[in-house]
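Shown next: my_file-v6.cif, given as mmCIF, C-alpha atoms and all ligand atoms.
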```cif
data_model
loop_
_atom_site.label_atom_id
_atom_site.label_comp_id
_atom_site.auth_asym_id
_atom_site.auth_seq_id
_atom_site.Cartn_x
_atom_site.Cartn_y
_atom_site.Cartn_z
CA MET A 1 -33.32 145.49 177.50
CA GLN A 2 -33.88 141.76 177.97
CA THR A 3 -31.00 139.50 176.92
CA TRP A 4 -31.78 136.12 175.33
CA VAL A 5 -29.29 133.31 174.97
CA ILE A 6 -30.18 131.18 171.96
CA LYS A 7 -28.63 127.73 171.83
CA LEU A 8 -28.30 126.64 168.20
CA GLY A 9 -27.70 122.95 167.55
CA GLY A 10 -24.83 122.40 165.15
CA ALA A 11 -27.00 120.53 162.62
CA VAL A 12 -28.30 123.96 161.56
CA LEU A 13 -25.10 124.22 159.50
CA ASN A 14 -26.14 121.22 157.37
CA THR A 15 -29.34 122.88 156.17
CA GLU A 16 -28.70 125.55 153.59
CA ASN A 17 -29.80 129.05 154.67
CA ALA A 18 -31.34 127.83 157.98
CA ALA A 19 -28.95 129.83 160.14
CA LYS A 20 -29.28 132.87 157.87
CA ALA A 21 -33.09 132.74 158.17
CA LEU A 22 -32.81 132.64 161.96
CA PHE A 23 -30.36 135.53 162.03
CA GLU A 24 -32.74 137.55 159.85
CA VAL A 25 -35.49 136.95 162.40
CA LEU A 26 -33.18 138.12 165.20
CA ALA A 27 -32.33 141.28 163.23
CA SER A 28 -36.04 142.14 163.17
CA GLN A 29 -36.45 141.72 166.95
CA THR A 30 -35.29 145.09 168.21
CA GLN A 31 -36.93 144.82 171.65
CA ALA A 32 -34.31 142.32 172.88
CA GLN A 33 -30.59 141.59 172.54
CA PHE A 34 -29.18 138.20 171.66
CA VAL A 35 -26.24 135.93 172.38
CA ILE A 36 -25.84 132.82 170.22
CA VAL A 37 -24.22 129.73 171.73
CA HIS A 38 -23.71 127.05 169.12
CA GLY A 39 -22.89 123.37 168.86
CA GLY A 40 -21.42 121.44 165.97
CA GLY A 41 -21.45 117.82 167.08
CA ALA A 42 -22.15 116.57 163.54
CA LEU A 43 -19.16 118.52 162.17
CA VAL A 44 -16.91 117.10 164.91
CA ASP A 45 -18.12 113.60 163.98
CA SER A 46 -17.11 114.05 160.36
CA TRP A 47 -13.74 115.72 161.10
CA LEU A 48 -12.77 112.97 163.57
CA LYS A 49 -13.83 110.29 161.10
CA GLU A 50 -11.82 111.87 158.29
CA ALA A 51 -8.78 112.01 160.59
CA GLY A 52 -9.18 108.28 161.26
CA PHE A 53 -10.37 108.52 164.87
CA ALA A 54 -13.20 106.52 166.42
CA SER A 55 -15.45 108.72 168.57
CA ALA A 56 -17.86 107.63 171.26
CA LYS A 57 -20.34 109.35 173.55
CA HIS A 58 -21.30 108.62 177.13
CA GLN A 59 -24.81 109.82 178.06
CA GLY A 60 -24.69 112.36 175.23
CA LEU A 61 -21.20 113.68 176.06
CA ARG A 62 -18.35 113.07 173.63
CA ILE A 63 -15.38 111.22 175.07
CA SER A 64 -12.60 113.66 174.14
CA PRO A 65 -9.03 112.31 174.35
CA LYS A 66 -6.27 114.95 174.31
CA GLU A 67 -5.02 113.86 170.87
CA GLN A 68 -8.46 114.54 169.36
CA MET A 69 -8.76 118.04 170.83
CA PRO A 70 -7.07 119.89 167.90
CA TYR A 71 -9.79 118.50 165.60
CA ILE A 72 -12.60 119.17 168.09
CA VAL A 73 -11.39 122.75 168.69
CA GLY A 74 -10.86 123.29 164.96
CA ALA A 75 -14.34 122.10 164.08
CA LEU A 76 -16.23 123.95 166.85
CA ALA A 77 -14.29 127.17 167.62
CA GLY A 78 -12.99 127.38 164.06
CA CYS A 79 -15.15 126.06 161.25
CA ALA A 80 -18.63 126.01 162.87
CA ASN A 81 -18.13 129.39 164.54
CA LYS A 82 -16.88 131.04 161.37
CA GLN A 83 -19.59 129.47 159.17
CA LEU A 84 -22.18 130.99 161.51
CA MET A 85 -20.35 134.33 161.36
CA SER A 86 -20.76 134.27 157.57
CA GLN A 87 -24.50 133.67 157.87
CA ALA A 88 -24.87 136.37 160.53
CA ILE A 89 -23.00 138.93 158.41
CA ILE A 90 -25.21 138.20 155.38
CA ALA A 91 -28.27 138.68 157.62
CA GLY A 92 -27.05 142.16 158.59
CA HIS A 93 -25.43 141.51 162.00
CA LYS A 94 -21.98 142.49 163.23
CA PRO A 95 -20.95 139.21 164.89
CA VAL A 96 -18.01 138.53 167.20
CA GLY A 97 -16.81 134.94 167.54
CA LEU A 98 -15.84 133.87 171.07
CA SER A 99 -14.86 130.84 173.11
CA LEU A 100 -16.29 130.28 176.59
CA TYR A 101 -13.26 131.98 178.15
CA GLU A 102 -14.05 135.42 176.72
CA ALA A 103 -17.71 134.81 177.57
CA GLY A 104 -16.80 134.59 181.27
CA ILE A 105 -16.79 130.81 181.73
CA ILE A 106 -13.84 128.60 182.65
CA SER A 107 -13.77 124.86 182.78
CA SER A 108 -12.49 122.16 185.04
CA GLN A 109 -12.24 118.48 184.27
CA LYS A 110 -15.30 116.53 185.34
CA LEU A 111 -14.72 112.84 184.68
CA LYS A 112 -11.30 111.52 183.76
CA ALA A 113 -13.05 108.77 181.76
CA LEU A 114 -14.36 111.41 179.34
CA GLY A 115 -10.92 112.92 178.63
CA GLN A 116 -10.94 116.71 178.09
CA VAL A 117 -14.66 117.15 178.75
CA GLY A 118 -15.19 120.10 181.03
CA GLN A 119 -17.89 121.50 183.24
CA CYS A 120 -18.67 125.21 183.45
CA ASP A 121 -17.63 127.55 186.25
CA SER A 122 -17.50 131.34 186.49
CA GLY A 123 -14.28 132.70 185.02
CA VAL A 124 -12.86 136.15 184.36
CA GLN A 125 -15.40 138.89 183.67
CA SER A 126 -17.44 138.31 180.52
CA VAL A 127 -16.87 140.64 177.57
CA ILE A 128 -20.42 139.96 176.34
CA PRO A 129 -22.16 142.93 178.07
CA GLU A 130 -19.67 145.32 176.46
CA LEU A 131 -20.12 143.70 173.03
CA LEU A 132 -23.91 144.02 173.34
CA LYS A 133 -23.52 147.71 174.22
CA LEU A 134 -21.52 148.12 171.00
CA GLY A 135 -24.37 146.54 169.03
CA ARG A 136 -22.40 143.38 168.23
CA LEU A 137 -23.83 139.85 168.06
CA PRO A 138 -21.77 137.45 170.25
CA LEU A 139 -21.42 133.97 168.69
CA VAL A 140 -20.01 131.63 171.32
CA SER A 141 -18.61 128.15 170.69
CA SER A 142 -18.55 125.51 173.43
CA ILE A 143 -14.75 125.31 173.60
CA ALA A 144 -13.47 126.24 177.04
CA PHE A 145 -10.16 126.82 178.79
CA GLY A 146 -9.20 125.83 182.30
CA ASP A 147 -7.07 127.65 184.86
CA ASP A 148 -4.47 125.13 183.69
CA GLY A 149 -4.61 126.77 180.22
CA LEU A 150 -5.77 123.49 178.67
CA TRP A 151 -8.56 123.16 176.11
CA TYR A 152 -11.85 121.62 177.17
CA ASN A 153 -14.78 120.31 175.14
CA VAL A 154 -18.07 121.37 176.78
CA ASN A 155 -21.50 120.19 175.68
CA ALA A 156 -23.03 123.21 173.95
CA ASP A 157 -26.34 122.98 175.85
CA GLU A 158 -24.45 123.16 179.15
CA ALA A 159 -22.35 126.03 177.79
CA ALA A 160 -25.47 127.99 176.80
CA ALA A 161 -27.10 127.48 180.20
CA ALA A 162 -23.92 128.61 181.98
CA ILE A 163 -23.75 131.81 179.90
CA ALA A 164 -27.44 132.55 180.49
CA LYS A 165 -26.87 132.17 184.24
CA GLU A 166 -23.76 134.37 184.10
CA LEU A 167 -25.65 137.10 182.17
CA ASP A 168 -28.92 136.68 184.08
CA ALA A 169 -30.53 136.13 180.67
CA GLU A 170 -33.45 134.15 179.27
CA ILE A 171 -32.67 131.01 177.25
CA ILE A 172 -34.17 129.04 174.35
CA PHE A 173 -32.81 125.73 173.04
CA MET A 174 -33.21 125.38 169.25
CA THR A 175 -32.54 121.90 167.94
CA ASP A 176 -33.32 119.65 164.95
CA VAL A 177 -36.66 118.26 166.17
CA VAL A 178 -39.93 120.20 166.63
CA ALA A 179 -40.19 119.10 170.25
CA VAL A 180 -39.19 116.37 172.67
CA LEU A 181 -41.05 113.31 171.37
CA ASP A 182 -42.82 110.56 173.31
CA ALA A 183 -42.49 106.80 172.72
CA ASN A 184 -44.93 107.12 169.76
CA LYS A 185 -42.90 110.00 168.26
CA GLN A 186 -45.59 112.50 169.20
CA PRO A 187 -44.52 115.95 170.48
CA LEU A 188 -44.65 116.46 174.24
CA HIS A 189 -45.89 119.96 175.02
CA GLN A 190 -44.72 120.10 178.62
CA LEU A 191 -42.33 118.10 180.82
CA ASP A 192 -41.54 118.28 184.52
CA THR A 193 -38.83 116.60 186.61
CA ASN A 194 -40.75 113.37 187.24
CA GLN A 195 -41.76 112.93 183.60
CA ILE A 196 -38.19 113.62 182.47
CA ASN A 197 -36.76 111.03 184.86
CA THR A 198 -39.30 108.43 183.72
CA LEU A 199 -38.73 109.06 179.99
CA ILE A 200 -34.94 108.83 180.44
CA ALA A 201 -35.27 105.61 182.45
CA GLU A 202 -37.53 104.16 179.75
CA GLY A 203 -35.01 105.09 177.04
CA VAL A 204 -37.47 107.40 175.25
CA ILE A 205 -35.18 110.39 175.86
CA TRP A 206 -31.53 109.52 175.17
CA GLY A 207 -28.21 110.88 173.90
CA GLY A 208 -28.02 114.58 173.13
CA MET A 209 -31.66 115.06 174.10
CA GLU A 210 -30.97 113.62 177.55
CA VAL A 211 -28.32 116.31 178.13
CA LYS A 212 -30.66 118.97 176.71
CA VAL A 213 -33.67 118.17 178.92
CA LYS A 214 -31.50 117.85 182.05
CA THR A 215 -29.77 121.17 181.27
CA SER A 216 -33.11 122.87 180.45
CA LEU A 217 -34.48 121.66 183.76
CA LEU A 218 -31.55 123.20 185.65
CA ALA A 219 -32.04 126.46 183.71
CA ALA A 220 -35.78 126.41 184.44
CA GLN A 221 -35.09 125.89 188.14
CA HIS A 222 -32.65 128.80 188.13
CA LEU A 223 -34.99 131.12 186.20
CA ARG A 224 -38.04 129.86 188.15
CA ARG A 225 -40.07 129.53 184.98
CA GLY A 226 -40.49 127.22 181.99
CA VAL A 227 -37.73 126.93 179.39
CA TYR A 228 -38.45 125.94 175.77
CA ILE A 229 -36.92 123.36 173.47
CA SER A 230 -37.95 124.02 169.88
CA SER A 231 -36.67 123.66 166.33
CA TRP A 232 -34.45 125.98 164.29
CA GLN A 233 -36.15 124.54 161.20
CA LYS A 234 -38.94 127.11 161.54
CA PRO A 235 -37.54 130.59 162.21
CA GLU A 236 -41.07 131.85 162.96
CA ASN A 237 -40.93 129.66 166.09
CA LEU A 238 -38.39 132.06 167.48
CA VAL A 239 -40.68 135.07 167.00
CA ALA A 240 -43.49 133.18 168.76
CA LEU A 241 -41.25 132.14 171.65
CA LEU A 242 -39.95 135.69 172.11
CA ALA A 243 -43.57 136.85 172.20
CA GLY A 244 -44.24 134.39 175.03
CA GLU A 245 -46.21 131.88 172.96
CA HIS A 246 -45.95 128.10 173.34
CA VAL A 247 -43.91 126.31 170.65
CA GLY A 248 -42.18 122.95 171.09
CA THR A 249 -41.67 121.53 174.57
CA LYS A 250 -41.82 123.60 177.75
CA ILE A 251 -39.57 122.21 180.50
CA THR A 252 -40.99 123.31 183.83
CA PRO A 253 -39.12 123.51 187.15
N1 LIG A 301 -37.38 111.79 173.05
C1 LIG A 301 -36.70 112.42 172.08
N2 LIG A 301 -37.31 113.35 171.31
C2 LIG A 301 -36.66 113.97 170.30
N3 LIG A 301 -35.37 113.73 169.99
C3 LIG A 301 -34.68 112.82 170.72
C4 LIG A 301 -35.33 112.13 171.81
N4 LIG A 301 -34.41 111.30 172.36
C5 LIG A 301 -33.29 111.44 171.68
N5 LIG A 301 -33.42 112.34 170.67
C6 LIG A 301 -32.36 112.70 169.72
O1 LIG A 301 -31.80 113.90 170.18
C7 LIG A 301 -31.45 114.71 169.04
C8 LIG A 301 -31.27 116.14 169.49
O2 LIG A 301 -30.14 116.21 170.33
P1 LIG A 301 -28.74 116.74 169.74
O3 LIG A 301 -28.39 115.95 168.51
O4 LIG A 301 -27.75 116.80 170.82
O5 LIG A 301 -29.22 118.18 169.27
P2 LIG A 301 -28.47 119.57 169.16
O6 LIG A 301 -27.32 119.33 168.24
O7 LIG A 301 -29.50 120.48 168.60
O8 LIG A 301 -28.01 119.94 170.53
C9 LIG A 301 -32.59 114.43 168.08
O9 LIG A 301 -32.24 114.71 166.74
C10 LIG A 301 -32.84 112.93 168.30
O10 LIG A 301 -32.03 112.15 167.47
C1 LIG A 302 -18.65 117.26 175.49
C2 LIG A 302 -19.48 117.27 174.25
O1 LIG A 302 -20.29 116.39 174.04
N1 LIG A 302 -19.27 118.29 173.39
C3 LIG A 302 -19.99 118.43 172.16
C4 LIG A 302 -19.89 119.88 171.76
C5 LIG A 302 -20.70 120.24 170.54
C6 LIG A 302 -22.18 120.14 170.79
O2 LIG A 302 -22.69 120.05 171.89
O3 LIG A 302 -22.90 120.19 169.61
P1 LIG A 302 -24.46 120.10 169.37
O4 LIG A 302 -25.11 121.18 170.17
O5 LIG A 302 -24.61 120.30 167.91
O6 LIG A 302 -24.91 118.72 169.83
C7 LIG A 302 -19.43 117.52 171.05
O7 LIG A 302 -18.22 117.29 171.00
O8 LIG A 302 -20.22 117.07 170.22
#
```
What would the structure in this file look like if it were written as C-alpha cells?
Ligand SMILES: Nc1ncnc2c1ncn2[C@@H]1O[C@H](COP(=O)(O)OP(=O)(O)O)[C@@H](O)[C@H]1O
Ligand SMILES: CC(=O)N[C@@H](CCC(=O)OP(=O)(O)O)C(=O)O
Amino acid sequence: MQTWVIKLGGAVLNTENAAKALFEVLASQTQAQFVIVHGGGALVDSWLKEAGFASAKHQGLRISPKEQMPYIVGALAGCANKQLMSQAIIAGHKPVGLSLYEAGIISSQKLKALGQVGQCDSGVQSVIPELLKLGRLPLVSSIAFGDDGLWYNVNADEAAAAIAKELDAEIIFMTDVVAVLDANKQPLHQLDTNQINTLIAEGVIWGGMEVKVKTSLLAAQHLRRGVYISSWQKPENLVALLAGEHVGTKITP
C-alpha cells in the first residue's frame, strides 16, 4: 500500500474544524496509508510573545535560543500535536503522537546563529512502519533530538520531507494559501528550479514559502516527479491530489 506523508501547516489549528475535515477525508481513503507531519509556527509565535520573548526568523527559520526551547517544544510537541490528536480521534482515527526521534530522524545543529535549529539526518529505526501495520495514524511534530540528547527545533516542511525520504513515501504540502502566488497574487500552477530561484531573488517568494518551495524541490528531485503545494482550506483538494489530479502548485524537479 502506498504511504503518503501529509505536511499540515500549523495555521490549520486556527480554523475551527479544518483539521477534523481533513482527517475525515483521510479516513475515507482506504487505498493508501498516511503519516501527518505538522507545524505550529503561529502557536509558537503566540506562546513566545506571552512569555515575553522577542522571536525572529532568518530565511523562514525561527532563531531558537536555548532558553526559548521549553516554550517551542511545549507548543509544537505538546499543544499543537495534542490538539491535532483530538481532531483525528473525533474523525475516527487512532492517532499516535511522535517527535522526529521516534519517527527515525535525529538532528544536528546547522548554524550556530540560529540557536537550537536542527537539520534532519537518519536516526534509530523508525517506529512508523509498525504503527501503520497496527492501523494507527502517526502524527509527527517537528521537534527533534540530537545524539547529544538536546532538543532541536526543525522547520516542519524539512521534517516532513525527511520522513518521506526515510519511508520512501509520497508527499503533499498543505498550507494556508491555495497555491504559490506570483507578483500579482495569481496562483502559479507549476514551478521549476529556475523559476523558483528567480521568484526568491525578486522577493515574490519569501519567508515560510521560501523554505517550502526549496524543500519541495529537494523532495521532487528525490522522488523524480512533481510534488504539490496546496491548501488545507479545501479538504476535497486532498482527494483530488491523491487521485493524481492537479491542484495548487506543482514543483517539478
Ligand atoms: N509567493 C508566495 N505565495 C504564497 N504565499 C507566500 C509567498 N511568499 C510568501 N508567502 C507566505 O508564506 C506563507 C506560507 O508559509 P508558512 O506560513 O510557513 O506556511 P505553513 O505554516 O503552512 O508551513 C503564506 O501564508 C504567505 O504569507
Ligand atoms: C526552525 C523553525 O522555523 N521551526 C518552526 C517549526 C514549526 C513550523 O515549521 O510550523 P509551520 O509549518 O506552521 O510553519 C517554527 O519554530 O516555527
**Request:** Would you list the residues near (-22.6, 128.1, 174.9) (no more than 12 Å away, in the coordinates of the file, using only C-alpha atoms) as a PyMOL selection string?
**Result:** chain A and resi 5-10+35-40+76-77+81+97-106+119-120+138-144+153-167+171-173+215
**Request:** Might you pull out every residue within 7 Å of Gly248 in chain A, with only C-alpha atoms counted and same-chain residues fewer than 5 positions away left off, and present them as a ChimeraX atom specification?
**Result:** /A:178-179,189,228-230
**Selected residue, from A:Asn194, A:Ser64, A:Asn14, A:Gln31, that lies nearest to ligand LIG 301 (chain A) when counting only C-alpha atoms and all ligand atoms** =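 Under the stated criterion, the closest residue is A:Asn14.
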**Request:** Measuring atom to atom with only C-alpha atoms, identify which of A:Ile251, A:Gly115, A:Ser126, A:Ala27 is nearest to Glu67 in chain A.
**Result:** A:Gly115
**Request:** Mind giving me the straight-line distance from CA of Tyr71 in chain A to CA of Asp147 in chain A in Å, one decimal?
**Result:** 21.5 Å
**Prompt:** Which polymer residues have any atom within 10 Å of an atom of Val213 in chain A, counting all atoms listed in the file, with same-chain residues fewer than 4 positions away left out, as a list of chain:residue names?
**Reply:**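 The residues that qualify are A:Asp157, A:Phe173, A:Val180, A:Leu191, A:Asp192, A:Thr193, A:Ile196, A:Asn197, A:Ile200, A:Ile205, A:Trp206, A:Gly208, A:Met209, A:Leu217, A:Leu218, A:Ala219, A:Val227, A:Tyr228, A:Ile229, A:Thr249, A:Lys250, A:Ile251.
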Those same residues - C-alpha atoms - I'd like them written as a JSON list (two decimals), keeping the file's coordinate frame.
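So the final result, stored in result-v4.json, reads:
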```
[["chain", "number", "residue", "atom", "x", "y", "z"],
["A", 157, "ASP", "CA", -26.34, 122.98, 175.85],
["A", 173, "PHE", "CA", -32.81, 125.73, 173.04],
["A", 180, "VAL", "CA", -39.19, 116.37, 172.67],
["A", 191, "LEU", "CA", -42.33, 118.10, 180.82],
["A", 192, "ASP", "CA", -41.54, 118.28, 184.52],
["A", 193, "THR", "CA", -38.83, 116.60, 186.61],
["A", 196, "ILE", "CA", -38.19, 113.62, 182.47],
["A", 197, "ASN", "CA", -36.76, 111.03, 184.86],
["A", 200, "ILE", "CA", -34.94, 108.83, 180.44],
["A", 205, "ILE", "CA", -35.18, 110.39, 175.86],
["A", 206, "TRP", "CA", -31.53, 109.52, 175.17],
["A", 208, "GLY", "CA", -28.02, 114.58, 173.13],
["A", 209, "MET", "CA", -31.66, 115.06, 174.10],
["A", 217, "LEU", "CA", -34.48, 121.66, 183.76],
["A", 218, "LEU", "CA", -31.55, 123.20, 185.65],
["A", 219, "ALA", "CA", -32.04, 126.46, 183.71],
["A", 227, "VAL", "CA", -37.73, 126.93, 179.39],
["A", 228, "TYR", "CA", -38.45, 125.94, 175.77],
["A", 229, "ILE", "CA", -36.92, 123.36, 173.47],
["A", 249, "THR", "CA", -41.67, 121.53, 174.57],
["A", 250, "LYS", "CA", -41.82, 123.60, 177.75],
["A", 251, "ILE", "CA", -39.57, 122.21, 180.50]]
```
**Asked** Which residue gives the smallest distance to ligand LIG 301 (chain A) among A:Lys212, A:His93, A:Lys66, A:His222, with only C-alpha atoms and all ligand atoms counted?
**Response**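 For ligand LIG 301 (chain A), the nearest of the given residues is A:Lys212.
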**Request:** Considering only C-alpha atoms, state which residue in the set A:Trp4, A:Thr175, A:Gln33, A:Leu137 is at the smallest distance from Val96 in chain A.
**Result:**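 Checking each candidate against Val96 in chain A, we get A:Leu137 as the closest.
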**Closest of A:Gly149, A:Gly207, A:Pro95, A:Gly123 to ligand LIG 302 (chain A) - atom-to-atom distances counting all atoms listed in the file** =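 The shortest atom-to-atom distance to ligand LIG 302 (chain A) comes from A:Gly207.
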**Complete:** One decimal place gives the CA of Lys133 in chain A-CA of Gln29 in chain A separation as 16.0 Å
Kindly list the centre and edge lengths in Å, rounded to one decimal, for the axis-aligned box that covers all listed atoms of ligand LIG 302 (chain A) plus 5 Å on each of its six sides, as AutoDock Vina command-line options.
```
--center_x -21.7 --center_y 118.8 --center_z 171.7 --size_x 16.9 --size_y 14.8 --size_z 17.6
```
**Shortest interatomic distance to ligand LIG 301 (chain A) - which of A:Ala201, A:Val239, A:Ala54, A:Leu223, counting all atoms listed in the file** =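 The shortest atom-to-atom distance to ligand LIG 301 (chain A) comes from A:Ala201.
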**Request:** May I ask for the distance between CA of Leu132 in chain A and CA of His246 in chain A, given in Å to one decimal place?
**Result:**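 Atom-to-atom, CA of Leu132 in chain A to CA of His246 in chain A, that is 27.2 Å.
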**Message:** Can you pull out the residues contacting Val204 in chain A? Cut-off 7 Å, using only C-alpha atoms, and skip same-chain residues under 3 positions away; I want them as number ranges by chain.
**Reply:** A: 182-183, 199-200
**Request:** Please write as a list in words the list of polymer residues whose atoms come within 12 Å of (-23.9, 106.2, 182.3), counting all atoms listed in the file and keeping to the coordinates of the file.
**Result:**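 Applying the cut-off with all atoms listed in the file, one gets Lys57, His58, Gln59, Gly60, Leu61, Leu111, Ala113, Leu114, Ile200, Ala201, Trp206, Gly207, Glu210 and Val211 of chain A.
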Write out as an mmCIF file with C-alpha atoms, keeping the file's coordinate frame each polymer residue whose atoms come within 10 Å of Ser46 in chain A, counting all atoms listed in the file; drop sequence neighbours fewer than 5 positions from it.
```
data_model
loop_
_atom_site.group_PDB
_atom_site.id
_atom_site.type_symbol
_atom_site.label_atom_id
_atom_site.label_comp_id
_atom_site.auth_asym_id
_atom_site.auth_seq_id
_atom_site.Cartn_x
_atom_site.Cartn_y
_atom_site.Cartn_z
ATOM 1 C CA GLY A 41 -21.450 117.820 167.080
ATOM 2 C CA ALA A 51 -8.780 112.010 160.590
ATOM 3 C CA GLY A 52 -9.180 108.280 161.260
ATOM 4 C CA PHE A 53 -10.370 108.520 164.870
ATOM 5 C CA SER A 55 -15.450 108.720 168.570
ATOM 6 C CA ALA A 75 -14.340 122.100 164.080
#
```
